[in-house]
Amino acid sequence: MAINYVCRHCRTFLGSINKNDATEMQLGLHSLTPAERRDIIAYDSEGEITVKVTCDYCKEAFENNPELCLLASPLQ
């Protein structure tokens, strides 16, 4: 089972964890609400997990240009 981290805005692949016994507590996913889980975590048919986060580039872009938050796909 792989856990892949992808930027939710620019879709850049950020990294992967290939650890079958990683728990949600170790990954920091245990504190998400059900709505946040649906928005952030995706499961595929092969058992892989994709976690959508914000990369440093996009974080900086949003901090410097808050108006980007108003666009549907601001950084693609």
# chains A, B, ... in the order shown; residues from 1 in each chain; ligands from 1
$ residues_around --residues "region 54-70 of chain A" --least-positions-apart "6" --cutoff "8 Å" --atoms "only C-alpha atoms" --output "number ranges by chain"
A: 6-10, 12, 14
$ select_by_dssp --residues "chain A" --states "strand (DSSP E or B)" --output "list in words"
Ile3, Asn4, Tyr5, Val6, Cys7, Phe13, Leu14, Gly15, Ser16, Ile17, Ile41, Ala42, Tyr43, Ile49, Thr50, Val51, Lys52 and Val53 of chain A
$ select_by_dssp --residues "chain A" --states "helix (DSSP H, G or I)" --output "PDB file with C-alpha atoms, in the first residue's frame"
ATOM      1  CA  GLU A  24      -3.643   7.240  10.567  1.00  0.00           C
ATOM      2  CA  MET A  25      -2.270   8.476  13.879  1.00  0.00           C
ATOM      3  CA  GLN A  26       1.320   8.325  12.556  1.00  0.00           C
ATOM      4  CA  LEU A  27       0.269  10.130   9.370  1.00  0.00           C
ATOM      5  CA  PRO A  34     -15.499  13.249   8.031  1.00  0.00           C
ATOM      6  CA  ALA A  35     -15.945  16.170   5.600  1.00  0.00           C
ATOM      7  CA  GLU A  36     -12.214  16.912   5.611  1.00  0.00           C
ATOM      8  CA  ARG A  37     -11.449  13.239   5.010  1.00  0.00           C
ATOM      9  CA  ARG A  38     -13.700  13.195   1.928  1.00  0.00           C
ATOM     10  CA  ASP A  39     -11.989  16.335   0.618  1.00  0.00           C
ATOM     11  CA  ILE A  40      -8.379  15.393   1.405  1.00  0.00           C
ATOM     12  CA  ASP A  56       5.224  25.240  -0.451  1.00  0.00           C
ATOM     13  CA  TYR A  57       5.068  26.973  -3.847  1.00  0.00           C
ATOM     14  CA  CYS A  58       1.269  27.233  -3.787  1.00  0.00           C
ATOM     15  CA  LYS A  59       1.222  28.211  -0.115  1.00  0.00           C
ATOM     16  CA  GLU A  60       3.576  31.093  -0.858  1.00  0.00           C
ATOM     17  CA  ALA A  61       1.581  32.101  -3.941  1.00  0.00           C
ATOM     18  CA  PHE A  62      -1.656  32.233  -1.893  1.00  0.00           C
ATOM     19  CA  GLU A  63       0.018  34.182   0.903  1.00  0.00           C
ATOM     20  CA  ASN A  64       1.386  36.763  -1.551  1.00  0.00           C
ATOM     21  CA  PRO A  66      -4.851  36.132  -1.597  1.00  0.00           C
ATOM     22  CA  GLU A  67      -7.135  36.942  -4.520  1.00  0.00           C
ATOM     23  CA  LEU A  68      -6.081  33.615  -6.079  1.00  0.00           C
ATOM     24  CA  CYS A  69      -8.413  31.904  -3.610  1.00  0.00           C
ATOM     25  CA  LEU A  70     -11.346  33.286  -5.597  1.00  0.00           C
TER      26      LEU A  70
END
$ atom_distance --atom1 "CA of Tyr5 (chain A)" --atom2 "CA of Val53 (chain A)"
6.8 Å
$ residues_around --residues "region 43-50 of chain A" --least-positions-apart "5" --cutoff "6 Å" --atoms "only C-alpha atoms" --output "CSV table (one decimal) with C-alpha atoms, in the first residue's frame"
chain,number,residue,atom,x,y,z
A,1,MET,CA,0.0,0.0,0.0
A,2,ALA,CA,1.4,3.4,-1.0
A,3,ILE,CA,0.4,6.7,0.4
A,4,ASN,CA,0.9,9.4,-2.2
A,5,TYR,CA,1.0,13.1,-1.4
$ decode --residues "region 17-73 of chain A" --atoms "C-alpha atoms" --output "CSV table (one decimal), in the first residue's frame"
chain,number,residue,atom,x,y,z
A,17,ILE,CA,5.2,6.5,1.8
A,18,ASN,CA,5.4,2.8,1.1
A,19,LYS,CA,4.7,1.5,4.5
A,20,ASN,CA,2.0,-1.1,4.9
A,21,ASP,CA,1.7,-0.6,8.7
A,22,ALA,CA,1.5,3.2,8.8
A,23,THR,CA,-1.4,4.2,11.0
A,24,GLU,CA,-3.6,7.2,10.6
A,25,MET,CA,-2.3,8.5,13.9
A,26,GLN,CA,1.3,8.3,12.6
A,27,LEU,CA,0.3,10.1,9.4
A,28,GLY,CA,-1.7,12.8,11.2
A,29,LEU,CA,-4.9,11.9,9.5
A,30,HIS,CA,-6.8,10.9,12.7
A,31,SER,CA,-7.8,14.4,13.6
A,32,LEU,CA,-9.7,15.1,10.3
A,33,THR,CA,-13.4,15.5,10.4
A,34,PRO,CA,-15.5,13.2,8.0
A,35,ALA,CA,-15.9,16.2,5.6
A,36,GLU,CA,-12.2,16.9,5.6
A,37,ARG,CA,-11.4,13.2,5.0
A,38,ARG,CA,-13.7,13.2,1.9
A,39,ASP,CA,-12.0,16.3,0.6
A,40,ILE,CA,-8.4,15.4,1.4
A,41,ILE,CA,-8.1,11.6,1.2
A,42,ALA,CA,-8.8,9.5,-1.9
A,43,TYR,CA,-8.6,5.7,-2.1
A,44,ASP,CA,-8.2,3.8,-5.4
A,45,SER,CA,-9.1,0.2,-6.3
A,46,GLU,CA,-5.5,-1.1,-5.8
A,47,GLY,CA,-5.4,0.0,-2.2
A,48,GLU,CA,-3.3,3.1,-2.7
A,49,ILE,CA,-4.2,6.3,-0.9
A,50,THR,CA,-3.8,9.9,-2.3
A,51,VAL,CA,-3.6,12.7,0.2
A,52,LYS,CA,-4.2,16.2,-1.2
A,53,VAL,CA,-2.1,18.9,0.6
A,54,THR,CA,-0.8,22.3,-0.4
A,55,CYS,CA,2.8,22.5,-1.6
A,56,ASP,CA,5.2,25.2,-0.5
A,57,TYR,CA,5.1,27.0,-3.8
A,58,CYS,CA,1.3,27.2,-3.8
A,59,LYS,CA,1.2,28.2,-0.1
A,60,GLU,CA,3.6,31.1,-0.9
A,61,ALA,CA,1.6,32.1,-3.9
A,62,PHE,CA,-1.7,32.2,-1.9
A,63,GLU,CA,0.0,34.2,0.9
A,64,ASN,CA,1.4,36.8,-1.6
A,65,ASN,CA,-1.8,36.9,-3.7
A,66,PRO,CA,-4.9,36.1,-1.6
A,67,GLU,CA,-7.1,36.9,-4.5
A,68,LEU,CA,-6.1,33.6,-6.1
A,69,CYS,CA,-8.4,31.9,-3.6
A,70,LEU,CA,-11.3,33.3,-5.6
A,71,LEU,CA,-10.4,31.3,-8.7
A,72,ALA,CA,-11.6,27.8,-9.4
A,73,SER,CA,-8.1,26.6,-10.6
